[in-house]
$ cat structure_13.cif   # mmCIF, C-alpha atoms; chains and numbers go by the auth columns
data_query
#
loop_
_atom_site.group_PDB
_atom_site.id
_atom_site.type_symbol
_atom_site.label_atom_id
_atom_site.label_comp_id
_atom_site.label_asym_id
_atom_site.label_seq_id
_atom_site.Cartn_x
_atom_site.Cartn_y
_atom_site.Cartn_z
_atom_site.B_iso_or_equiv
_atom_site.auth_seq_id
_atom_site.auth_asym_id
ATOM 1 C CA MET A 1 80.445 183.017 104.349 0.00 1 A
ATOM 2 C CA ALA A 2 79.992 183.399 100.611 0.00 2 A
ATOM 3 C CA MET A 3 81.152 186.615 98.992 0.00 3 A
ATOM 4 C CA ILE A 4 78.483 188.813 97.491 0.00 4 A
ATOM 5 C CA LYS A 5 79.679 191.270 94.902 0.00 5 A
ATOM 6 C CA LEU A 6 77.388 194.007 93.742 0.00 6 A
ATOM 7 C CA VAL A 7 78.381 195.692 90.556 0.00 7 A
ATOM 8 C CA GLN A 8 78.039 199.426 90.050 0.00 8 A
ATOM 9 C CA CYS A 9 74.807 200.745 91.442 0.00 9 A
ATOM 10 C CA PRO A 10 73.068 202.757 88.739 0.00 10 A
ATOM 11 C CA THR A 11 71.766 206.279 89.104 0.00 11 A
ATOM 12 C CA TYR A 12 67.980 206.257 89.127 0.00 12 A
ATOM 13 C CA VAL A 13 67.144 208.674 86.402 0.00 13 A
ATOM 14 C CA TYR A 14 64.456 209.003 83.807 0.00 14 A
ATOM 15 C CA THR A 15 64.742 211.716 81.211 0.00 15 A
ATOM 16 C CA ARG A 16 62.371 213.633 79.009 0.00 16 A
ATOM 17 C CA HIS A 17 62.993 215.065 75.591 0.00 17 A
ATOM 18 C CA CYS A 18 64.920 218.307 75.664 0.00 18 A
ATOM 19 C CA ARG A 19 62.490 221.207 75.461 0.00 19 A
ATOM 20 C CA THR A 20 65.090 223.932 75.856 0.00 20 A
ATOM 21 C CA THR A 21 65.016 226.501 73.066 0.00 21 A
ATOM 22 C CA LEU A 22 68.445 226.636 71.515 0.00 22 A
ATOM 23 C CA PRO A 23 69.888 228.975 68.910 0.00 23 A
ATOM 24 C CA SER A 24 69.518 227.886 65.324 0.00 24 A
ATOM 25 C CA CYS A 25 72.010 225.165 64.576 0.00 25 A
ATOM 26 C CA THR A 26 74.271 225.880 61.647 0.00 26 A
ATOM 27 C CA THR A 27 76.851 223.594 60.159 0.00 27 A
ATOM 28 C CA ARG A 28 79.440 225.268 62.350 0.00 28 A
ATOM 29 C CA ASN A 29 77.657 224.983 65.679 0.00 29 A
ATOM 30 C CA GLN A 30 75.441 221.944 65.258 0.00 30 A
ATOM 31 C CA ASP A 31 77.745 219.764 67.373 0.00 31 A
ATOM 32 C CA SER A 32 77.700 222.244 70.255 0.00 32 A
ATOM 33 C CA CYS A 33 73.904 222.579 69.921 0.00 33 A
ATOM 34 C CA ALA A 34 73.481 218.830 70.163 0.00 34 A
ATOM 35 C CA SER A 35 75.787 218.763 73.163 0.00 35 A
ATOM 36 C CA SER A 36 73.876 221.583 74.845 0.00 36 A
ATOM 37 C CA CYS A 37 70.564 219.851 74.251 0.00 37 A
ATOM 38 C CA SER A 38 71.924 216.675 75.770 0.00 38 A
ATOM 39 C CA THR A 39 73.096 218.458 78.895 0.00 39 A
ATOM 40 C CA GLN A 40 69.735 220.221 79.205 0.00 40 A
ATOM 41 C CA LYS A 41 67.766 216.995 79.475 0.00 41 A
ATOM 42 C CA SER A 42 65.845 217.061 82.709 0.00 42 A
ATOM 43 C CA ARG A 43 66.861 214.405 85.148 0.00 43 A
ATOM 44 C CA ARG A 44 64.919 213.318 88.170 0.00 44 A
ATOM 45 C CA VAL A 45 66.488 211.229 90.876 0.00 45 A
ATOM 46 C CA PHE A 46 63.747 211.108 93.498 0.00 46 A
ATOM 47 C CA SER A 47 63.717 214.891 92.995 0.00 47 A
ATOM 48 C CA LEU A 48 67.382 214.929 93.835 0.00 48 A
ATOM 49 C CA SER A 49 69.886 214.877 90.981 0.00 49 A
ATOM 50 C CA ALA A 50 72.621 216.319 93.188 0.00 50 A
ATOM 51 C CA LEU A 51 72.792 213.240 95.370 0.00 51 A
ATOM 52 C CA THR A 52 74.328 210.873 92.853 0.00 52 A
ATOM 53 C CA LEU A 53 75.936 208.096 94.826 0.00 53 A
ATOM 54 C CA SER A 54 77.315 205.172 92.871 0.00 54 A
ATOM 55 C CA PHE A 55 79.971 202.659 93.724 0.00 55 A
ATOM 56 C CA SER A 56 81.912 200.381 91.486 0.00 56 A
ATOM 57 C CA ALA A 57 81.515 197.450 93.879 0.00 57 A
ATOM 58 C CA LEU A 58 80.293 196.474 97.316 0.00 58 A
ATOM 59 C CA ILE A 59 81.884 193.387 98.819 0.00 59 A
ATOM 60 C CA PHE A 60 80.560 191.603 101.881 0.00 60 A
ATOM 61 C CA SER A 61 82.785 188.933 103.338 0.00 61 A
ATOM 62 C CA ASN A 62 84.492 187.779 106.489 0.00 62 A
ATOM 63 C CA GLY A 63 87.901 188.125 104.865 0.00 63 A
ATOM 64 C CA PRO A 64 90.477 190.889 105.379 0.00 64 A
ATOM 65 C CA SER A 65 89.218 194.398 104.857 0.00 65 A
ATOM 66 C CA SER A 66 89.936 196.046 101.523 0.00 66 A
ATOM 67 C CA ASN A 67 91.665 199.368 101.061 0.00 67 A
ATOM 68 C CA ALA A 68 88.830 200.453 98.769 0.00 68 A
ATOM 69 C CA GLN A 69 86.628 203.180 100.174 0.00 69 A
ATOM 70 C CA VAL A 70 83.044 201.972 100.413 0.00 70 A
ATOM 71 C CA PRO A 71 79.992 203.608 101.999 0.00 71 A
ATOM 72 C CA GLN A 72 79.267 202.511 105.539 0.00 72 A
ATOM 73 C CA PHE A 73 75.993 200.701 106.030 0.00 73 A
ATOM 74 C CA ILE A 74 74.541 200.353 109.519 0.00 74 A
ATOM 75 C CA GLU A 75 72.306 197.572 110.752 0.00 75 A
ATOM 76 C CA LEU A 76 68.861 198.854 111.684 0.00 76 A
ATOM 77 C CA PRO A 77 67.793 197.970 115.244 0.00 77 A
ATOM 78 C CA ASN A 78 65.280 195.136 115.558 0.00 78 A
ATOM 79 C CA SER A 79 65.289 194.625 111.808 0.00 79 A
ATOM 80 C CA GLY A 80 66.544 191.070 111.555 0.00 80 A
ATOM 81 C CA GLY A 81 69.766 192.140 109.866 0.00 81 A
ATOM 82 C CA VAL A 82 68.632 194.827 107.429 0.00 82 A
ATOM 83 C CA LYS A 83 71.526 197.183 106.619 0.00 83 A
ATOM 84 C CA ALA A 84 70.880 200.786 105.605 0.00 84 A
ATOM 85 C CA LEU A 85 72.748 203.697 104.100 0.00 85 A
ATOM 86 C CA ASP A 86 71.005 207.074 104.210 0.00 86 A
ATOM 87 C CA LEU A 87 71.530 208.985 100.975 0.00 87 A
ATOM 88 C CA ARG A 88 69.370 211.858 102.141 0.00 88 A
ATOM 89 C CA ILE A 89 67.801 212.620 105.525 0.00 89 A
ATOM 90 C CA GLY A 90 64.200 213.749 105.277 0.00 90 A
ATOM 91 C CA ASP A 91 62.699 216.665 107.151 0.00 91 A
ATOM 92 C CA GLY A 92 59.128 215.424 107.455 0.00 92 A
ATOM 93 C CA ASP A 93 57.228 213.179 109.845 0.00 93 A
ATOM 94 C CA ILE A 94 58.235 209.649 110.869 0.00 94 A
ATOM 95 C CA PRO A 95 55.515 207.095 110.064 0.00 95 A
ATOM 96 C CA LEU A 96 53.780 204.910 112.617 0.00 96 A
ATOM 97 C CA ASP A 97 52.195 201.500 112.199 0.00 97 A
ATOM 98 C CA GLY A 98 48.787 201.945 110.646 0.00 98 A
ATOM 99 C CA ASP A 99 49.822 204.929 108.508 0.00 99 A
ATOM 100 C CA VAL A 100 49.439 204.794 104.755 0.00 100 A
ATOM 101 C CA VAL A 101 52.893 205.453 103.342 0.00 101 A
ATOM 102 C CA ALA A 102 53.866 206.169 99.745 0.00 102 A
ATOM 103 C CA ILE A 103 57.345 205.318 98.537 0.00 103 A
ATOM 104 C CA HIS A 104 59.387 205.304 95.381 0.00 104 A
ATOM 105 C CA TYR A 105 61.708 202.339 95.120 0.00 105 A
ATOM 106 C CA TYR A 106 64.277 200.708 92.887 0.00 106 A
ATOM 107 C CA GLY A 107 64.711 196.989 93.565 0.00 107 A
ATOM 108 C CA ARG A 108 67.650 194.792 92.621 0.00 108 A
ATOM 109 C CA LEU A 109 68.850 191.274 93.314 0.00 109 A
ATOM 110 C CA ALA A 110 72.233 190.650 94.883 0.00 110 A
ATOM 111 C CA ALA A 111 72.436 187.717 92.482 0.00 111 A
ATOM 112 C CA LYS A 112 72.436 188.020 88.675 0.00 112 A
ATOM 113 C CA GLN A 113 74.882 190.925 88.667 0.00 113 A
ATOM 114 C CA GLY A 114 72.481 193.205 90.500 0.00 114 A
ATOM 115 C CA TRP A 115 69.579 192.624 88.127 0.00 115 A
ATOM 116 C CA ARG A 116 66.891 195.308 88.486 0.00 116 A
ATOM 117 C CA PHE A 117 63.598 193.507 88.888 0.00 117 A
ATOM 118 C CA ASP A 118 61.303 196.471 89.495 0.00 118 A
ATOM 119 C CA SER A 119 61.139 200.247 89.848 0.00 119 A
ATOM 120 C CA THR A 120 58.313 202.652 90.502 0.00 120 A
ATOM 121 C CA TYR A 121 59.831 204.822 87.787 0.00 121 A
ATOM 122 C CA ASP A 122 58.347 202.297 85.369 0.00 122 A
ATOM 123 C CA HIS A 123 54.848 202.632 86.852 0.00 123 A
ATOM 124 C CA LYS A 124 53.479 205.779 85.228 0.00 124 A
ATOM 125 C CA ASP A 125 50.149 207.549 85.072 0.00 125 A
ATOM 126 C CA GLU A 126 48.484 208.995 81.986 0.00 126 A
ATOM 127 C CA THR A 127 50.690 212.099 82.162 0.00 127 A
ATOM 128 C CA GLY A 128 53.890 210.058 82.258 0.00 128 A
ATOM 129 C CA GLU A 129 54.634 210.735 85.928 0.00 129 A
ATOM 130 C CA PRO A 130 55.863 207.810 88.057 0.00 130 A
ATOM 131 C CA ILE A 131 53.317 206.446 90.522 0.00 131 A
ATOM 132 C CA PRO A 132 54.535 205.823 94.101 0.00 132 A
ATOM 133 C CA PHE A 133 53.825 202.493 95.754 0.00 133 A
ATOM 134 C CA SER A 134 51.453 202.810 98.742 0.00 134 A
ATOM 135 C CA PHE A 135 50.840 200.411 101.596 0.00 135 A
ATOM 136 C CA ILE A 136 49.748 200.372 105.231 0.00 136 A
ATOM 137 C CA LEU A 137 52.787 200.212 107.484 0.00 137 A
ATOM 138 C CA GLY A 138 52.611 197.152 109.733 0.00 138 A
ATOM 139 C CA SER A 139 50.067 195.350 107.574 0.00 139 A
ATOM 140 C CA GLY A 140 52.504 192.564 106.722 0.00 140 A
ATOM 141 C CA LYS A 141 51.654 192.741 103.031 0.00 141 A
ATOM 142 C CA VAL A 142 55.118 193.941 102.031 0.00 142 A
ATOM 143 C CA ILE A 143 58.418 192.272 102.793 0.00 143 A
ATOM 144 C CA SER A 144 59.656 192.874 106.327 0.00 144 A
ATOM 145 C CA GLY A 145 62.875 194.541 105.239 0.00 145 A
ATOM 146 C CA ILE A 146 61.022 197.398 103.553 0.00 146 A
ATOM 147 C CA GLU A 147 58.821 197.952 106.601 0.00 147 A
ATOM 148 C CA SER A 148 61.893 198.038 108.839 0.00 148 A
ATOM 149 C CA ALA A 149 63.550 200.579 106.558 0.00 149 A
ATOM 150 C CA VAL A 150 60.533 202.871 106.321 0.00 150 A
ATOM 151 C CA ARG A 151 59.763 202.858 110.058 0.00 151 A
ATOM 152 C CA SER A 152 62.824 204.921 110.908 0.00 152 A
ATOM 153 C CA MET A 153 62.739 207.258 107.907 0.00 153 A
ATOM 154 C CA LYS A 154 61.367 210.774 107.687 0.00 154 A
ATOM 155 C CA VAL A 155 59.235 211.960 104.798 0.00 155 A
ATOM 156 C CA GLY A 156 61.569 213.192 102.078 0.00 156 A
ATOM 157 C CA GLY A 157 64.340 210.782 103.050 0.00 157 A
ATOM 158 C CA LEU A 158 66.186 208.521 100.654 0.00 158 A
ATOM 159 C CA ARG A 159 67.728 205.282 101.873 0.00 159 A
ATOM 160 C CA ARG A 160 69.520 202.288 100.367 0.00 160 A
ATOM 161 C CA VAL A 161 68.876 199.010 102.167 0.00 161 A
ATOM 162 C CA ILE A 162 70.371 195.544 101.881 0.00 162 A
ATOM 163 C CA ILE A 163 67.719 193.045 102.905 0.00 163 A
ATOM 164 C CA PRO A 164 68.758 189.505 103.884 0.00 164 A
ATOM 165 C CA PRO A 165 66.650 186.510 102.812 0.00 165 A
ATOM 166 C CA SER A 166 64.959 186.208 106.212 0.00 166 A
ATOM 167 C CA GLN A 167 63.538 189.722 105.829 0.00 167 A
ATOM 168 C CA GLY A 168 62.940 189.537 102.084 0.00 168 A
ATOM 169 C CA TYR A 169 60.510 187.548 99.974 0.00 169 A
ATOM 170 C CA GLN A 170 59.126 184.552 101.850 0.00 170 A
ATOM 171 C CA ASN A 171 56.441 183.741 99.295 0.00 171 A
ATOM 172 C CA THR A 172 55.255 184.858 95.869 0.00 172 A
ATOM 173 C CA SER A 173 52.416 187.067 97.126 0.00 173 A
ATOM 174 C CA GLN A 174 54.417 189.534 99.199 0.00 174 A
ATOM 175 C CA GLU A 175 54.692 193.024 97.799 0.00 175 A
ATOM 176 C CA PRO A 176 56.142 194.919 96.083 0.00 176 A
ATOM 177 C CA LEU A 177 55.730 192.725 93.015 0.00 177 A
ATOM 178 C CA PRO A 178 56.984 193.449 89.504 0.00 178 A
ATOM 179 C CA PRO A 179 53.905 194.065 87.338 0.00 179 A
ATOM 180 C CA ASN A 180 55.499 192.180 84.460 0.00 180 A
ATOM 181 C CA TYR A 181 54.770 188.430 84.613 0.00 181 A
ATOM 182 C CA PHE A 182 58.162 187.388 83.243 0.00 182 A
ATOM 183 C CA ASP A 183 60.008 189.614 85.714 0.00 183 A
ATOM 184 C CA ARG A 184 58.037 188.035 88.566 0.00 184 A
ATOM 185 C CA GLN A 185 58.869 184.566 87.298 0.00 185 A
ATOM 186 C CA ARG A 186 62.558 185.378 86.990 0.00 186 A
ATOM 187 C CA LEU A 187 62.614 186.921 90.468 0.00 187 A
ATOM 188 C CA PHE A 188 60.999 183.986 92.218 0.00 188 A
ATOM 189 C CA THR A 189 62.687 181.215 90.256 0.00 189 A
ATOM 190 C CA THR A 190 65.971 182.802 91.330 0.00 190 A
ATOM 191 C CA ILE A 191 65.099 183.313 94.989 0.00 191 A
ATOM 192 C CA PHE A 192 63.363 179.963 95.464 0.00 192 A
ATOM 193 C CA ASN A 193 65.564 177.810 93.229 0.00 193 A
ATOM 194 C CA PRO A 194 65.498 174.464 95.090 0.00 194 A
ATOM 195 C CA THR A 195 68.738 173.118 93.636 0.00 195 A
ATOM 196 C CA ARG A 196 70.784 176.192 94.460 0.00 196 A
ATOM 197 C CA LEU A 197 69.162 176.506 97.888 0.00 197 A
ATOM 198 C CA ALA A 198 70.189 172.912 98.591 0.00 198 A
ATOM 199 C CA ASN A 199 73.740 173.880 97.614 0.00 199 A
ATOM 200 C CA GLY A 200 73.800 176.538 100.321 0.00 200 A
ATOM 201 C CA GLU A 201 73.358 179.558 98.060 0.00 201 A
ATOM 202 C CA GLY A 202 70.312 180.934 99.868 0.00 202 A
ATOM 203 C CA ALA A 203 72.205 183.876 101.395 0.00 203 A
ATOM 204 C CA THR A 204 73.019 185.110 97.910 0.00 204 A
ATOM 205 C CA LEU A 205 69.831 184.200 96.075 0.00 205 A
ATOM 206 C CA GLY A 206 67.403 185.782 98.524 0.00 206 A
ATOM 207 C CA THR A 207 69.275 189.009 99.253 0.00 207 A
ATOM 208 C CA VAL A 208 67.618 192.073 97.715 0.00 208 A
ATOM 209 C CA ILE A 209 68.705 195.703 97.580 0.00 209 A
ATOM 210 C CA PHE A 210 66.216 198.564 97.543 0.00 210 A
ATOM 211 C CA ASP A 211 66.635 202.285 97.186 0.00 211 A
ATOM 212 C CA ILE A 212 63.621 203.809 98.931 0.00 212 A
ATOM 213 C CA GLU A 213 62.326 207.350 99.085 0.00 213 A
ATOM 214 C CA LEU A 214 59.569 208.073 101.583 0.00 214 A
ATOM 215 C CA VAL A 215 57.313 210.360 99.577 0.00 215 A
ATOM 216 C CA SER A 216 54.395 210.906 101.942 0.00 216 A
ATOM 217 C CA LEU A 217 52.367 209.472 104.780 0.00 217 A
ATOM 218 C CA ARG A 218 48.759 209.690 105.834 0.00 218 A
ATOM 219 C CA HIS A 219 47.324 208.907 109.263 0.00 219 A
ATOM 220 C CA LEU A 220 44.209 206.746 109.169 0.00 220 A
#

$ encode --input "structure_13.cif" --output "structure tokens"
Amino acid sequence: MAMIKLVQCPTYVYTRHCRTTLPSCTTRNQDSCASSCSTQKSRRVFSLSALTLSFSALIFSNGPSSNAQVPQFIELPNSGGVKALDLRIGDGDIPLDGDVVAIHYYGRLAAKQGWRFDSTYDHKDETGEPIPFSFILGSGKVISGIESAVRSMKVGGLRRVIIPPSQGYQNTSQEPLPPNYFDRQRLFTTIFNPTRLANGEGATLGTVIFDIELVSLRHL
């Protein structure tokens, strides 16, 4: 089995300009003022800046186990091999097929050094707030791995999932899709590269990693 190495997982943060009122900066204290302003920048991590979980590397192989401490993923039942790590357990309802669910996500490829191909943080409304991605659970319009992950989450939960090729993108119309044309092209030319697939690299090329927060659900 080929080794898949995921470089450091970034913290999913967007910041706004510092609006904190600071004392007048003089020549003597201007460095400390600048430092204070920097530390006062508001950070949002799915409404959870305290749960910063990053690792320098994740290695999946059949070789001997490493001494490095890595988070323990579990395989979700009846998911086709989707592995999940709960970063936060929600306290809301669990969705059912047919519900409209809204999620925030951060999607990366296992290939290309963990290239980020899309994030709902980049999809903003007129006020600058990120827009969650909504879909009907069980509709089949999104990749199977995301549906499997969301089915066992509670509203408010945050989960990292490793989705194998069989549960990832099977065609170029499955959602979620990067809104940027060039990002879509790069994503699909990587996943469906015929030469590399013929060389047996499909397990690496088609593996995607999503961080998912279940924001809300609505019964139809």

$ resolve_selection --input "structure_13.cif" --expression "the PyMOL selection byres ((chain A and resi 176) around 10)" --output "mmCIF file with C-alpha atoms, keeping the file's coordinate frame"
data_model
loop_
_atom_site.group_PDB
_atom_site.id
_atom_site.type_symbol
_atom_site.label_atom_id
_atom_site.label_comp_id
_atom_site.auth_asym_id
_atom_site.auth_seq_id
_atom_site.Cartn_x
_atom_site.Cartn_y
_atom_site.Cartn_z
ATOM 1 C CA TYR A 105 61.708 202.339 95.120
ATOM 2 C CA GLY A 107 64.711 196.989 93.565
ATOM 3 C CA ASP A 118 61.303 196.471 89.495
ATOM 4 C CA SER A 119 61.139 200.247 89.848
ATOM 5 C CA THR A 120 58.313 202.652 90.502
ATOM 6 C CA PHE A 133 53.825 202.493 95.754
ATOM 7 C CA SER A 134 51.453 202.810 98.742
ATOM 8 C CA PHE A 135 50.840 200.411 101.596
ATOM 9 C CA LYS A 141 51.654 192.741 103.031
ATOM 10 C CA VAL A 142 55.118 193.941 102.031
ATOM 11 C CA ILE A 143 58.418 192.272 102.793
ATOM 12 C CA ILE A 146 61.022 197.398 103.553
ATOM 13 C CA TYR A 169 60.510 187.548 99.974
ATOM 14 C CA SER A 173 52.416 187.067 97.126
ATOM 15 C CA GLN A 174 54.417 189.534 99.199
ATOM 16 C CA GLU A 175 54.692 193.024 97.799
ATOM 17 C CA LEU A 177 55.730 192.725 93.015
ATOM 18 C CA PRO A 178 56.984 193.449 89.504
ATOM 19 C CA PRO A 179 53.905 194.065 87.338
#

$ residues_near_point --input "structure_13.cif" --point "(68.0, 203.5, 100.0)" --cutoff "10 Å" --atoms "only C-alpha atoms" --output "PyMOL selection string"
chain A and resi 83-88+104-107+146+149-150+157-162+209-214

$ closest_residue --input "structure_13.cif" --among "A:Pro164, A:Gly200, A:Gly140, A:Gly145" --to "A:Asp97" --atoms "all atoms listed in the file"
A:Gly140

$ atom_distance --input "structure_13.cif" --atom1 "atom CA of A:Val101" --atom2 "atom CA of A:Arg218"
6.4 Å

$ resolve_selection --input "structure_13.cif" --expression "the PyMOL selection byres ((chain A and resi 110) around 8)" --output "ChimeraX atom specification"
/A:4-6,108-109,111-115,204-209

$ atom_distance --input "structure_13.cif" --atom1 "atom CA of A:Phe117" --atom2 "atom CA of A:Asp183"
6.2 Å

$ residues_around --input "structure_13.cif" --residues "A:Ile136" --least-positions-apart "3" --cutoff "6 Å" --atoms "all atoms listed in the file" --output "list in words"
Gly98, Asp99, Val100 and Ser139 of chain A

$ closest_residue --input "structure_13.cif" --among "A:Asp122, A:Glu129, A:Glu147, A:Asp93" --to "A:Ser79" --atoms "all atoms listed in the file"
A:Glu147

$ closest_residue --input "structure_13.cif" --among "A:Pro132, A:Ile103, A:Leu217, A:Ile163" --to "A:Ile74" --atoms "only C-alpha atoms"
A:Ile163

$ atom_distance --input "structure_13.cif" --atom1 "atom CA of A:Arg116" --atom2 "atom CA of A:Leu187"
9.6 Å

$ axis_aligned_box --input "structure_13.cif" --around "stretch 80-91 of chain A" --padding-each-side "8 Å" --output "lines of an AutoDock Vina configuration file"
center_x = 67.7
center_y = 203.9
center_z = 106.3
size_x = 26.0
size_y = 41.6
size_z = 26.6

$ residues_around --input "structure_13.cif" --residues "A:Val155" --least-positions-apart "5" --cutoff "7 Å" --atoms "all atoms listed in the file" --output "MDAnalysis selection string"
chainID A and resid 90:94 214:216

$ build_atoms --input "structure_13.cif" --residues "stretch 103-115 of chain A" --atoms "N, CA and C atoms" --output "tab-separated table (two decimals), keeping the file's coordinate frame"
chain	number	residue	atom	x	y	z
A	103	ILE	N	55.91	205.34	98.78
A	103	ILE	CA	57.34	205.32	98.54
A	103	ILE	C	57.64	205.17	97.04
A	104	HIS	N	58.79	205.68	96.65
A	104	HIS	CA	59.39	205.30	95.38
A	104	HIS	C	60.48	204.31	95.72
A	105	TYR	N	60.66	203.32	94.87
A	105	TYR	CA	61.71	202.34	95.12
A	105	TYR	C	62.34	201.88	93.82
A	106	TYR	N	63.52	201.30	93.98
A	106	TYR	CA	64.28	200.71	92.89
A	106	TYR	C	64.84	199.42	93.45
A	107	GLY	N	64.35	198.27	92.98
A	107	GLY	CA	64.71	196.99	93.56
A	107	GLY	C	65.66	196.18	92.69
A	108	ARG	N	66.68	195.60	93.33
A	108	ARG	CA	67.65	194.79	92.62
A	108	ARG	C	67.93	193.50	93.40
A	109	LEU	N	68.38	192.50	92.69
A	109	LEU	CA	68.85	191.27	93.31
A	109	LEU	C	70.34	191.37	93.57
A	110	ALA	N	70.79	190.77	94.67
A	110	ALA	CA	72.23	190.65	94.88
A	110	ALA	C	72.81	189.67	93.88
A	111	ALA	N	72.02	188.67	93.51
A	111	ALA	CA	72.44	187.72	92.48
A	111	ALA	C	72.20	188.32	91.10
A	112	LYS	N	72.64	187.61	90.08
A	112	LYS	CA	72.44	188.02	88.68
A	112	LYS	C	73.00	189.41	88.38
A	113	GLN	N	74.18	189.68	88.92
A	113	GLN	CA	74.88	190.92	88.67
A	113	GLN	C	74.05	192.16	89.01
A	114	GLY	N	73.27	192.06	90.08
A	114	GLY	CA	72.48	193.20	90.50
A	114	GLY	C	71.31	193.50	89.59
A	115	TRP	N	70.70	192.46	89.06
A	115	TRP	CA	69.58	192.62	88.13
A	115	TRP	C	68.45	193.45	88.75
